[in-house]
$ cat my_file.csv   # CSV, C-alpha atoms
chain,number,residue,atom,x,y,z
A,73,MET,CA,-62.8,-81.6,-9.8
A,74,PRO,CA,-66.6,-82.0,-9.9
A,75,PHE,CA,-68.5,-81.2,-6.8
A,76,ALA,CA,-70.9,-83.5,-5.2
A,77,ARG,CA,-74.4,-82.3,-4.9
A,78,GLY,CA,-75.4,-81.2,-1.5
A,79,VAL,CA,-72.0,-80.4,-0.3
A,80,THR,CA,-71.8,-76.9,1.1
A,81,ARG,CA,-68.9,-74.7,0.2
A,82,LEU,CA,-66.7,-73.7,3.2
A,83,PRO,CA,-64.2,-70.9,3.3
A,84,ILE,CA,-60.5,-71.9,3.5
A,85,ARG,CA,-60.1,-70.3,7.0
A,86,ALA,CA,-62.9,-72.5,8.3
A,87,ILE,CA,-61.1,-75.8,7.5
A,88,PRO,CA,-59.5,-77.0,10.7
A,89,GLY,CA,-55.8,-77.8,10.7
A,90,LEU,CA,-55.1,-75.9,7.6
A,91,ALA,CA,-52.0,-73.6,8.0
A,92,ILE,CA,-51.8,-70.2,6.4
A,93,ILE,CA,-48.6,-69.6,4.4
A,94,PRO,CA,-47.6,-66.0,4.2
A,95,SER,CA,-46.8,-64.6,0.7
A,96,ARG,CA,-43.6,-62.9,-0.3
A,97,PRO,CA,-43.5,-59.1,-0.6
A,98,SER,CA,-43.9,-57.9,-4.1
A,99,THR,CA,-41.0,-56.1,-5.8
A,100,THR,CA,-43.1,-54.6,-8.5
A,101,PRO,CA,-44.5,-51.0,-8.1
A,102,ARG,CA,-47.8,-50.9,-6.4
A,103,ILE,CA,-50.7,-49.8,-8.4
A,104,SER,CA,-53.3,-47.9,-6.5
A,105,ILE,CA,-56.8,-47.5,-7.8
A,106,ALA,CA,-58.0,-44.0,-7.3
A,107,ASP,CA,-61.7,-43.8,-6.8
A,108,ASN,CA,-62.8,-40.4,-7.9
A,109,SER,CA,-66.4,-39.5,-8.2
A,110,ASN,CA,-65.7,-37.2,-11.1
A,111,CYS,CA,-63.5,-39.5,-13.1
A,112,ASN,CA,-62.6,-43.2,-12.9
A,113,THR,CA,-58.8,-43.4,-13.7
A,114,LEU,CA,-55.9,-45.5,-12.6
A,115,ALA,CA,-53.1,-43.4,-11.0
A,116,CYS,CA,-49.7,-45.1,-10.8
A,117,SER,CA,-47.5,-43.3,-8.2
A,118,ARG,CA,-43.8,-43.9,-8.0
A,119,ARG,CA,-41.4,-42.1,-5.6
A,120,TYR,CA,-38.1,-40.9,-6.8
A,121,HIS,CA,-35.3,-39.9,-4.3
A,122,LEU,CA,-33.9,-36.5,-5.5
A,123,GLU,CA,-31.8,-35.8,-2.3
A,124,GLY,CA,-28.7,-37.5,-3.7
A,125,LEU,CA,-28.8,-35.5,-6.9
A,126,VAL,CA,-29.1,-32.1,-5.1
A,127,LEU,CA,-26.8,-32.7,-2.1
A,128,ALA,CA,-23.4,-32.6,-3.8
A,129,PRO,CA,-23.9,-29.2,-5.6
A,130,VAL,CA,-25.3,-27.6,-2.5
A,131,VAL,CA,-22.4,-28.8,-0.3
A,132,PHE,CA,-19.7,-27.6,-2.8
A,133,SER,CA,-21.4,-24.3,-3.4
A,134,GLY,CA,-21.7,-23.7,0.3
A,135,LEU,CA,-18.0,-24.6,0.8
A,136,PHE,CA,-17.0,-22.2,-2.0
A,137,VAL,CA,-19.0,-19.3,-0.5
A,138,ALA,CA,-17.7,-20.0,3.0
A,139,LEU,CA,-14.1,-19.9,1.7
A,140,TRP,CA,-14.8,-16.6,-0.1
A,141,THR,CA,-16.3,-15.1,3.1
A,142,TRP,CA,-13.4,-16.3,5.2
A,143,LYS,CA,-10.8,-14.7,2.9
A,144,CYS,CA,-12.8,-11.4,2.8
A,145,PHE,CA,-12.9,-11.4,6.6
A,146,MET,CA,-9.1,-12.0,6.8
A,147,LEU,CA,-8.4,-9.3,4.2
A,148,VAL,CA,-10.4,-6.7,6.2
A,149,THR,CA,-9.1,-7.8,9.6
A,150,PHE,CA,-5.4,-8.0,8.7
A,151,GLN,CA,-5.2,-5.3,6.1
A,152,ASN,CA,-2.5,-3.4,8.0
A,153,LYS,CA,-0.1,-6.4,7.9
A,154,ILE,CA,-1.0,-7.1,4.3
A,155,ILE,CA,-0.4,-3.5,3.2
A,156,TYR,CA,2.7,-2.6,5.2
A,157,MET,CA,4.4,-5.9,5.9
A,158,PRO,CA,6.9,-4.5,8.4
A,159,GLY,CA,8.3,-8.0,9.3
A,160,LEU,CA,9.6,-8.8,5.9
A,161,PRO,CA,12.2,-10.0,5.2
A,162,PRO,CA,12.6,-11.8,8.6
A,163,ASN,CA,15.9,-9.9,9.4
A,164,ALA,CA,14.5,-6.5,8.6
A,165,ARG,CA,14.4,-5.4,12.3
A,166,TRP,CA,18.0,-6.4,12.9
A,167,GLU,CA,19.6,-4.5,10.0
A,168,LYS,CA,22.5,-2.1,10.9
A,169,ILE,CA,23.8,1.0,9.2
A,170,GLN,CA,27.4,-0.1,9.6
A,171,ASP,CA,26.7,-3.2,7.5
A,172,TYR,CA,26.1,-0.9,4.5
A,173,ALA,CA,28.6,1.9,5.3
A,174,GLY,CA,31.2,0.6,2.8
A,175,ARG,CA,28.6,1.0,-0.1
A,176,CYS,CA,27.5,4.5,0.7
A,177,GLY,CA,30.2,6.4,-1.4
A,178,GLY,CA,31.8,8.0,1.7
A,179,LEU,CA,28.6,9.4,3.1
A,180,ARG,CA,28.3,9.0,6.9
A,181,TRP,CA,24.8,8.0,8.0
A,182,ARG,CA,23.8,8.2,11.6
A,183,GLU,CA,20.8,7.0,13.6
A,184,GLU,CA,18.6,9.6,15.4
A,185,ARG,CA,15.6,9.1,17.6
A,186,THR,CA,12.3,11.1,17.9
A,187,ARG,CA,8.8,10.5,19.3
A,188,ALA,CA,5.4,10.8,17.6
A,189,ALA,CA,2.5,12.7,19.2
A,190,ASP,CA,1.3,9.5,20.9
A,191,GLY,CA,4.7,8.7,22.4
A,192,THR,CA,5.8,6.1,19.9
A,193,ASP,CA,9.6,5.9,19.7
A,194,LEU,CA,10.9,6.3,16.1
A,195,ALA,CA,14.2,5.8,14.3
A,196,LEU,CA,15.7,8.2,11.7
A,197,CYS,CA,18.7,7.8,9.4
A,198,VAL,CA,20.4,11.1,8.7
A,199,THR,CA,23.3,12.4,6.6
A,200,ASP,CA,24.6,15.8,5.6
A,201,VAL,CA,26.1,16.8,2.3
A,202,ASP,CA,27.6,20.2,1.4
A,203,LEU,CA,26.9,21.4,-2.1
A,204,GLY,CA,28.3,24.0,-4.4
A,205,PRO,CA,31.7,24.8,-6.0
A,206,GLY,CA,33.1,25.9,-2.6
A,207,ALA,CA,32.1,22.8,-0.8
A,208,SER,CA,34.6,20.2,0.4
A,209,THR,CA,35.2,17.4,-2.1
A,210,ALA,CA,35.0,14.8,0.7
A,211,THR,CA,31.4,13.8,1.1
A,212,SER,CA,32.0,12.5,4.6
A,213,THR,CA,33.2,15.8,6.1
A,214,PRO,CA,30.7,18.6,5.9
A,215,SER,CA,32.3,22.0,6.3
A,216,PRO,CA,31.9,23.5,9.8
A,217,GLY,CA,30.9,26.9,8.5
A,218,ARG,CA,27.3,28.1,8.2
A,219,PRO,CA,25.9,27.6,4.7
A,220,ASP,CA,23.8,30.2,2.9
A,221,THR,CA,20.9,27.8,2.1
A,222,ALA,CA,19.6,24.8,3.9
A,223,PHE,CA,17.8,22.0,2.0
A,224,TYR,CA,16.2,19.0,3.7
A,225,VAL,CA,15.0,15.8,2.0
A,226,LEU,CA,12.5,13.8,4.0
A,227,TYR,CA,12.4,10.3,2.6
A,228,PHE,CA,9.4,7.8,3.1
A,229,GLN,CA,10.1,4.2,2.2
A,230,GLY,CA,7.8,1.7,0.6
A,231,ASN,CA,6.4,-1.3,2.4
A,232,ALA,CA,8.5,-4.2,3.7
A,233,SER,CA,12.3,-4.2,4.4
A,234,SER,CA,13.9,-1.3,6.4
A,235,ILE,CA,16.0,1.8,5.8
A,236,PRO,CA,19.6,0.5,6.0
A,237,PRO,CA,19.4,-1.6,2.8
A,238,ARG,CA,18.2,1.5,0.9
A,239,LEU,CA,21.1,3.7,2.0
A,240,PRO,CA,23.6,2.7,-0.8
A,241,ASP,CA,21.2,3.8,-3.6
A,242,LEU,CA,20.2,6.9,-1.8
A,243,SER,CA,23.8,7.8,-1.2
A,244,SER,CA,24.6,7.3,-4.9
A,245,ALA,CA,21.9,9.8,-5.8
A,246,LEU,CA,23.3,12.3,-3.3
A,247,CYS,CA,26.9,11.8,-4.7
A,248,MET,CA,25.5,12.5,-8.2
A,249,LEU,CA,23.9,15.7,-6.8
A,250,LYS,CA,27.2,16.8,-5.2
A,251,ARG,CA,29.1,16.3,-8.5
A,252,GLN,CA,26.4,18.3,-10.4
A,253,SER,CA,26.6,21.1,-7.8
A,254,MET,CA,30.2,21.8,-8.7
A,255,GLN,CA,29.0,23.6,-11.8
A,256,TRP,CA,26.8,26.0,-9.8
A,257,HIS,CA,27.8,29.6,-9.2
A,258,GLY,CA,26.8,31.4,-6.0
A,259,LYS,CA,25.8,30.4,-2.6
A,260,SER,CA,26.8,27.4,-0.5
A,261,VAL,CA,24.1,24.8,0.3
A,262,ARG,CA,23.8,22.2,3.1
A,263,CYS,CA,21.6,19.3,2.1
A,264,THR,CA,20.4,17.1,4.9
A,265,MET,CA,18.6,13.8,4.1
A,266,VAL,CA,16.3,12.3,6.7
A,267,CYS,CA,14.9,8.8,6.2
A,268,LEU,CA,12.0,8.0,8.4
A,269,SER,CA,11.5,4.5,9.7
A,270,TYR,CA,7.7,4.1,10.3
A,271,ARG,CA,6.4,2.6,13.5
A,272,GLY,CA,6.8,-1.1,13.5
A,273,TYR,CA,9.7,-0.9,11.0
A,274,TRP,CA,13.4,-1.4,11.8
A,275,THR,CA,14.1,-0.2,15.4
A,276,SER,CA,10.9,1.9,15.6
A,277,ARG,CA,8.2,0.8,18.1
A,278,GLY,CA,4.5,0.3,17.6
A,279,ARG,CA,2.4,-1.2,14.7
A,280,PRO,CA,1.9,0.5,11.4
A,281,THR,CA,-1.4,2.1,10.5
A,282,GLU,CA,-2.1,5.1,8.2
A,283,LYS,CA,-3.1,7.3,11.0
A,284,GLY,CA,0.0,6.3,13.0
A,285,ILE,CA,2.4,6.7,10.1
A,286,THR,CA,1.0,10.2,9.4
A,287,MET,CA,1.8,11.1,13.0
A,288,ASP,CA,5.3,9.6,12.4
A,289,ALA,CA,5.8,11.8,9.3
A,290,PHE,CA,4.8,14.9,11.3
A,291,ALA,CA,7.2,14.0,14.1
A,292,ALA,CA,10.0,13.7,11.5
A,293,LEU,CA,9.0,17.1,10.1
A,294,ASN,CA,9.2,18.7,13.6
A,295,TRP,CA,12.5,17.1,14.2
A,296,ILE,CA,13.8,18.8,11.0
A,297,SER,CA,12.5,22.1,12.2
A,298,GLN,CA,14.2,21.7,15.5
A,299,LEU,CA,17.5,20.7,13.8
A,300,HIS,CA,17.3,23.7,11.6
A,301,ARG,CA,16.8,26.1,14.5
A,302,LYS,CA,19.6,24.4,16.4
A,303,PHE,CA,22.1,24.7,13.5
A,304,PHE,CA,21.2,28.2,12.4
A,305,GLY,CA,20.7,29.6,15.9
A,306,GLY,CA,17.6,30.1,18.0
A,307,GLY,CA,17.2,33.8,17.3
A,308,ALA,CA,14.5,35.6,15.4
A,309,GLU,CA,13.2,33.8,12.3
A,310,GLU,CA,14.2,36.8,10.1
A,311,SER,CA,17.9,36.2,11.0
A,312,ARG,CA,18.0,32.6,9.7
A,313,PRO,CA,17.2,31.2,6.3
A,314,SER,CA,14.1,29.1,5.9
A,315,ALA,CA,14.4,25.3,5.7
A,316,ASN,CA,13.5,24.3,2.1
A,317,LEU,CA,11.9,20.9,2.3
A,318,VAL,CA,11.6,18.1,-0.3
A,319,LEU,CA,9.2,15.2,0.4
A,320,TRP,CA,10.3,12.0,-1.3
A,321,GLY,CA,8.0,8.9,-1.1
A,322,GLN,CA,8.4,5.5,-2.8
A,323,SER,CA,5.3,3.4,-3.4
A,324,ILE,CA,3.1,3.6,-0.2
A,325,GLY,CA,5.6,6.3,0.9
A,326,ALA,CA,4.2,8.5,-1.9
A,327,GLY,CA,0.8,8.3,-0.2
A,328,VAL,CA,2.5,9.2,3.2
A,329,ALA,CA,4.3,12.2,1.5
A,330,THR,CA,1.0,13.6,0.0
A,331,ASN,CA,-0.8,13.0,3.3
A,332,LEU,CA,1.8,15.1,5.1
A,333,ALA,CA,1.8,17.9,2.5
A,334,ALA,CA,-2.0,18.0,2.4
A,335,GLU,CA,-3.0,17.7,6.1
A,336,ALA,CA,-0.2,18.3,8.5
A,337,PRO,CA,0.6,21.9,9.7
A,338,ILE,CA,4.0,22.9,8.3
A,339,PRO,CA,6.2,24.7,10.8
A,340,ALA,CA,6.7,28.4,10.2
A,341,ASP,CA,10.4,28.1,9.4
A,342,VAL,CA,9.9,25.3,6.8
A,343,HIS,CA,9.0,25.9,3.2
A,344,LEU,CA,7.7,22.9,1.2
A,345,ASP,CA,9.7,23.2,-2.1
A,346,SER,CA,8.8,20.0,-4.0
A,347,ILE,CA,7.5,16.5,-3.8
A,348,ILE,CA,9.0,13.4,-5.4
A,349,LEU,CA,6.6,10.5,-6.1
A,350,GLU,CA,8.5,7.4,-6.9
A,351,THR,CA,6.4,4.5,-8.5
A,352,PRO,CA,3.2,6.0,-6.9
A,353,PHE,CA,-0.4,4.8,-7.1
A,354,THR,CA,-3.6,6.9,-6.7
A,355,SER,CA,-5.1,5.1,-3.7
A,356,ILE,CA,-5.5,1.8,-1.9
A,357,ARG,CA,-8.9,1.4,-3.4
A,358,ALA,CA,-7.5,1.7,-6.9
A,359,MET,CA,-4.9,-1.0,-6.0
A,360,LEU,CA,-7.7,-3.3,-5.0
A,361,GLU,CA,-9.2,-3.0,-8.4
A,362,VAL,CA,-5.8,-3.6,-10.0
A,363,LEU,CA,-5.0,-6.7,-7.9
A,364,TYR,CA,-8.5,-8.1,-8.4
A,365,PRO,CA,-9.8,-6.9,-11.8
A,366,GLN,CA,-12.5,-9.6,-12.0
A,367,LYS,CA,-15.9,-8.0,-11.2
A,368,TRP,CA,-17.3,-11.3,-10.1
A,369,LEU,CA,-14.7,-11.6,-7.3
A,370,PRO,CA,-15.8,-9.9,-4.0
A,371,TYR,CA,-12.4,-8.6,-3.0
A,372,ARG,CA,-12.5,-5.4,-5.1
A,373,HIS,CA,-15.8,-4.5,-3.5
A,374,LEU,CA,-14.3,-4.4,0.1
A,375,TRP,CA,-13.2,-0.8,-0.1
A,376,PRO,CA,-15.9,0.5,2.3
A,377,PHE,CA,-14.1,-1.6,5.0
A,378,LEU,CA,-10.7,0.0,4.3
A,379,ARG,CA,-8.9,1.6,7.3
A,380,ASN,CA,-6.0,2.7,5.1
A,381,HIS,CA,-6.6,4.9,2.0
A,382,LEU,CA,-3.3,6.7,1.1
A,383,ASP,CA,-5.3,8.7,-1.5
A,384,SER,CA,-2.7,10.7,-3.4
A,385,TRP,CA,-5.2,11.7,-6.0
A,386,LYS,CA,-7.4,13.4,-3.4
A,387,ASN,CA,-4.3,14.9,-1.6
A,388,LEU,CA,-3.0,16.6,-4.7
A,389,GLY,CA,-6.2,18.6,-4.9
A,390,MET,CA,-5.9,19.6,-1.2
A,391,ILE,CA,-2.3,20.6,-1.7
A,392,SER,CA,-3.3,22.9,-4.6
A,393,GLN,CA,-6.0,24.5,-2.4
A,394,ARG,CA,-3.6,24.9,0.5
A,395,TYR,CA,-1.0,26.8,-1.6
A,396,ARG,CA,-3.3,28.7,-3.9
A,397,ILE,CA,-3.0,31.8,-1.8
A,398,GLY,CA,0.3,33.0,-0.5
A,399,GLU,CA,3.5,31.1,-1.1
A,400,SER,CA,4.2,29.2,-4.3
A,401,ALA,CA,2.9,25.7,-4.7
A,402,PRO,CA,5.4,22.8,-4.5
A,403,GLU,CA,6.6,21.2,-7.8
A,404,VAL,CA,5.8,17.5,-8.2
A,405,PHE,CA,8.1,15.0,-9.8
A,406,VAL,CA,6.6,11.6,-10.8
A,407,LEU,CA,9.2,8.9,-11.3
A,408,GLU,CA,7.8,5.8,-13.0
A,409,ALA,CA,9.2,2.3,-13.6
A,410,ALA,CA,8.7,1.5,-17.2
A,411,LYS,CA,8.1,-2.2,-16.5
A,412,ASP,CA,6.3,-1.9,-13.2
A,413,GLU,CA,4.8,-5.3,-12.5
A,414,LEU,CA,2.7,-4.1,-9.5
A,415,VAL,CA,1.4,-0.6,-10.2
A,416,PRO,CA,0.1,0.1,-13.7
A,417,LEU,CA,1.4,3.2,-15.5
A,418,GLU,CA,-2.2,4.3,-15.8
A,419,LEU,CA,-2.2,5.2,-12.1
A,420,SER,CA,0.9,7.5,-12.3
A,421,GLN,CA,-0.6,9.0,-15.5
A,422,LYS,CA,-3.8,9.8,-13.5
A,423,LEU,CA,-1.6,11.6,-10.9
A,424,TYR,CA,0.2,13.5,-13.6
A,425,ASP,CA,-3.1,14.6,-15.1
A,426,ARG,CA,-4.5,15.4,-11.7
A,427,CYS,CA,-1.5,17.8,-11.1
A,428,LEU,CA,-2.3,19.5,-14.4
A,429,ASP,CA,-6.0,19.8,-13.5
A,430,VAL,CA,-5.3,21.4,-10.1
A,431,ARG,CA,-2.5,23.6,-11.6
A,432,LEU,CA,0.4,22.1,-9.7
A,433,PRO,CA,3.8,22.3,-11.5
A,434,VAL,CA,4.7,18.7,-12.5
A,435,THR,CA,7.3,16.8,-14.4
A,436,ARG,CA,7.5,13.1,-15.2
A,437,LYS,CA,10.2,10.5,-15.9
A,438,ALA,CA,10.0,6.8,-16.7
A,439,VAL,CA,13.0,4.7,-16.0
A,440,ALA,CA,13.5,2.3,-18.9
A,441,GLY,CA,13.5,-1.4,-18.0
A,442,ALA,CA,12.9,-0.8,-14.3
A,443,PHE,CA,10.4,-2.8,-12.2
A,444,HIS,CA,8.5,-1.5,-9.2
A,445,ASN,CA,11.4,-1.6,-6.8
A,446,ASP,CA,14.2,-1.1,-9.3
A,447,THR,CA,14.0,2.6,-10.1
A,448,MET,CA,16.8,3.5,-7.6
A,449,PHE,CA,18.8,0.4,-8.4
A,450,ARG,CA,19.4,1.8,-11.9
A,451,GLY,CA,21.7,4.6,-12.7
A,452,GLU,CA,19.0,6.3,-14.8
A,453,GLY,CA,16.7,6.5,-11.9
A,454,ARG,CA,19.3,7.9,-9.5
A,455,ARG,CA,20.4,10.4,-12.1
A,456,ALA,CA,16.8,11.6,-12.7
A,457,VAL,CA,16.4,12.3,-8.9
A,458,ALA,CA,19.8,14.0,-8.7
A,459,GLU,CA,19.0,16.3,-11.7
A,460,PHE,CA,15.6,17.2,-10.2
A,461,LEU,CA,17.1,18.1,-6.8
A,462,SER,CA,19.9,20.0,-8.5
A,463,HIS,CA,17.3,22.0,-10.5
A,464,ARG,CA,15.2,22.8,-7.4
A,465,ILE,CA,18.1,23.7,-5.2
A,466,HIS,CA,19.9,25.8,-7.8
A,467,SER,CA,16.7,27.7,-8.8
A,468,THR,CA,16.1,28.4,-5.0
A,469,CYS,CA,19.6,29.8,-4.7
A,470,VAL,CA,19.1,32.0,-7.7
A,471,ARG,CA,15.8,33.4,-6.3
A,472,THR,CA,17.3,34.2,-2.9
$ encode --input "my_file.csv" --output "structure tokens"
Amino acid sequence: MPFARGVTRLPIRAIPGLAIIPSRPSTTPRISIADNSNCNTLACSRRYHLEGLVLAPVVFSGLFVALWTWKCFMLVTFQNKIIYMPGLPPNARWEKIQDYAGRCGGLRWREERTRAADGTDLALCVTDVDLGPGASTATSTPSPGRPDTAFYVLYFQGNASSIPPRLPDLSSALCMLKRQSMQWHGKSVRCTMVCLSYRGYWTSRGRPTEKGITMDAFAALNWISQLHRKFFGGGAEESRPSANLVLWGQSIGAGVATNLAAEAPIPADVHLDSIILETPFTSIRAMLEVLYPQKWLPYRHLWPFLRNHLDSWKNLGMISQRYRIGESAPEVFVLEAAKDELVPLELSQKLYDRCLDVRLPVTRKAVAGAFHNDTMFRGEGRRAVAEFLSHRIHSTCVRT
């Protein structure tokens, strides 16, 4: 529109009665003009929200680490229950000897009680067998006379369960030993087998720990010494034969047996003759590496927090040092399960090599087709133990 001359231009705000209409907000990115004295450029700034992209990985990684930390904490805190499992199966504490009496081949087992050094009440399962050609053929009636030689087998069980369910297999091995002893010539032998129920197991009181179980083993050893003095008379030690002792441990019981042989003071009237290690492992630390072989998992690196070690590899060296001077060192018998699904055969091989290195007499036997807890279920395993005991007892009778 053409403007008339002389009309002055007025701003829009100065026109009366004119309403101002607000504009809609722009949805396009704002362009800011950056006035820089050094350079004149246009800088276009756009904000991107990265929180949503980073939040999910951070949350899931934190949850994963938290679960790992929690499991490590639980493993360290409850390691006694995880290692020993005294409450499994649920009826383990209510088992009775008489429930298995008909499967023990005529052997009569009895329950005895003793106390550890800290006062913990402990249960023992005990039976007696007369050996030799002059012994009674009835396994349930030991002869009343005094035998020439006394042998004691102190048995340490593996984890879980209790002693009574193990009695039929142990009785079968003792019956095999009795039949083999009929071919001996010479002295009569009384073999007494004592099965220790650790604290927290079966009818024993307390809770299992390595320190406590070692005290239990020493209490059982003292009980054997007292039984020996009671049976052979309380006179001078020269007038009664020494109690020849065999320590027999299965799985974690092998660690208990080597702990006792390496650290506990042996009574003067007891001679440690041999040690049977049934499906043994070198140490709890080695088992951590077996159960968790992946190096990126944190569990195998928890060994500094272990309160239980059961280090048989270390104990064998201590046993060798202990018996280097004076009486002869005990012979070690390693009984393996050929298909052991829990303890690799490499660990028992290391124990065998360790015995050779420290110059302990050692023999080794693998039970074909046996799993970790099957060695005494199979006739080959029971026969191997019976033959080893027969060899040790007969050779002792020949020397004396």
$ closest_residue --input "my_file.csv" --among "A:Gln255, A:Gln322, A:Thr199, A:Ser355" --to "Leu378 (chain A)" --atoms "all atoms listed in the file"
A:Ser355
$ residues_around --input "my_file.csv" --residues "region 234-239 of chain A" --least-positions-apart "4" --cutoff "6 Å" --atoms "all atoms listed in the file" --output "list in words"
Ala164, Ile169, Ser243 and Trp274 of chain A
$ atom_distance --input "my_file.csv" --atom1 "CA of Cys144 (chain A)" --atom2 "CA of Arg357 (chain A)"
14.7 Å
$ residues_around --input "my_file.csv" --residues "region 344-351 of chain A" --least-positions-apart "6" --cutoff "6 Å" --atoms "all atoms listed in the file" --output "list in words"
Asn316, Leu317, Val318, Leu319, Trp320, Gly321, Gln322, Ser323, Ala326, Pro402, Glu403, Val404, Phe405, Val406, Leu407 and Glu408 of chain A
$ closest_residue --input "my_file.csv" --among "A:Trp385, A:Tyr395, A:Trp140, A:Trp295" --to "Ala195 (chain A)" --atoms "all atoms listed in the file"
A:Trp295
$ atom_distance --input "my_file.csv" --atom1 "CA of Ser260 (chain A)" --atom2 "CA of Pro313 (chain A)"
12.4 Å
$ residues_around --input "my_file.csv" --residues "region 436-442 of chain A" --least-positions-apart "2" --cutoff "12 Å" --atoms "only C-alpha atoms" --output "PyMOL selection string"
chain A and resi 347-352+403-414+417+420-425+427-428+433-434+444-457+459-460
$ atom_distance --input "my_file.csv" --atom1 "CA of Asp220 (chain A)" --atom2 "CA of Cys267 (chain A)"
23.4 Å
$ closest_residue --input "my_file.csv" --among "A:Pro376, A:Gly325, A:Gly272, A:Gly134" --to "Gly159 (chain A)" --atoms "all atoms listed in the file"
A:Gly272
$ residues_around --input "my_file.csv" --residues "Thr281 (chain A)" --least-positions-apart "2" --cutoff "10 Å" --atoms "only C-alpha atoms" --output "compact mmCIF listing (two decimals) with C-alpha atoms, keeping the file's coordinate frame"
# COMPACT_ATOMS: atom_id res chain seq x y z
CA GLN A 151 -5.20 -5.30 6.10
CA ASN A 152 -2.50 -3.40 8.00
CA LYS A 153 -0.10 -6.40 7.90
CA ILE A 155 -0.40 -3.50 3.20
CA TYR A 156 2.70 -2.60 5.20
CA TYR A 270 7.70 4.10 10.30
CA ARG A 271 6.40 2.60 13.50
CA GLY A 272 6.80 -1.10 13.50
CA GLY A 278 4.50 0.30 17.60
CA ARG A 279 2.40 -1.20 14.70
CA LYS A 283 -3.10 7.30 11.00
CA GLY A 284 0.00 6.30 13.00
CA ILE A 285 2.40 6.70 10.10
CA THR A 286 1.00 10.20 9.40
CA MET A 287 1.80 11.10 13.00
CA ARG A 379 -8.90 1.60 7.30
CA ASN A 380 -6.00 2.70 5.10
$ closest_residue --input "my_file.csv" --among "A:Asn163, A:Thr354, A:Thr141, A:Asn387" --to "Glu418 (chain A)" --atoms "all atoms listed in the file"
A:Thr354
$ closest_residue --input "my_file.csv" --among "A:Ala315, A:Leu461, A:Leu179, A:Met359" --to "Ala222 (chain A)" --atoms "all atoms listed in the file"
A:Ala315
$ closest_residue --input "my_file.csv" --among "A:Tyr371, A:Ala458, A:Leu242, A:Val130" --to "Tyr227 (chain A)" --atoms "all atoms listed in the file"
A:Leu242
$ residues_near_point --input "my_file.csv" --point "(17.7, 12.4, 1.7)" --cutoff "6 Å" --atoms "only C-alpha atoms" --output "PyMOL selection string"
chain A and resi 225-227+265-266
$ build_atoms --input "my_file.csv" --residues "region 449-461 of chain A" --atoms "N, CA and C atoms" --output "CSV table (one decimal), in the coordinates of the input"
chain,number,residue,atom,x,y,z
A,449,PHE,N,17.7,1.4,-8.2
A,449,PHE,CA,18.8,0.4,-8.4
A,449,PHE,C,19.5,0.8,-9.7
A,450,ARG,N,18.8,1.4,-10.6
A,450,ARG,CA,19.4,1.8,-11.9
A,450,ARG,C,19.9,3.2,-11.9
A,451,GLY,N,21.0,3.3,-12.7
A,451,GLY,CA,21.7,4.6,-12.7
A,451,GLY,C,20.8,5.7,-13.3
A,452,GLU,N,19.9,5.4,-14.3
A,452,GLU,CA,19.0,6.3,-14.8
A,452,GLU,C,18.0,6.9,-13.8
A,453,GLY,N,17.6,6.1,-12.9
A,453,GLY,CA,16.7,6.5,-11.9
A,453,GLY,C,17.3,7.5,-10.9
A,454,ARG,N,18.5,7.1,-10.4
A,454,ARG,CA,19.3,7.9,-9.5
A,454,ARG,C,19.7,9.2,-10.1
A,455,ARG,N,20.0,9.2,-11.4
A,455,ARG,CA,20.4,10.4,-12.1
A,455,ARG,C,19.2,11.3,-12.3
A,456,ALA,N,18.0,10.8,-12.5
A,456,ALA,CA,16.8,11.6,-12.7
A,456,ALA,C,16.5,12.3,-11.4
A,457,VAL,N,16.6,11.6,-10.2
A,457,VAL,CA,16.4,12.3,-8.9
A,457,VAL,C,17.4,13.4,-8.7
A,458,ALA,N,18.7,13.0,-8.9
A,458,ALA,CA,19.8,14.0,-8.7
A,458,ALA,C,19.6,15.3,-9.6
A,459,GLU,N,19.2,15.1,-10.8
A,459,GLU,CA,19.0,16.3,-11.7
A,459,GLU,C,17.8,17.1,-11.2
A,460,PHE,N,16.7,16.4,-10.7
A,460,PHE,CA,15.6,17.2,-10.2
A,460,PHE,C,15.9,18.0,-9.0
A,461,LEU,N,16.6,17.3,-8.0
A,461,LEU,CA,17.1,18.1,-6.8
A,461,LEU,C,18.0,19.2,-7.2
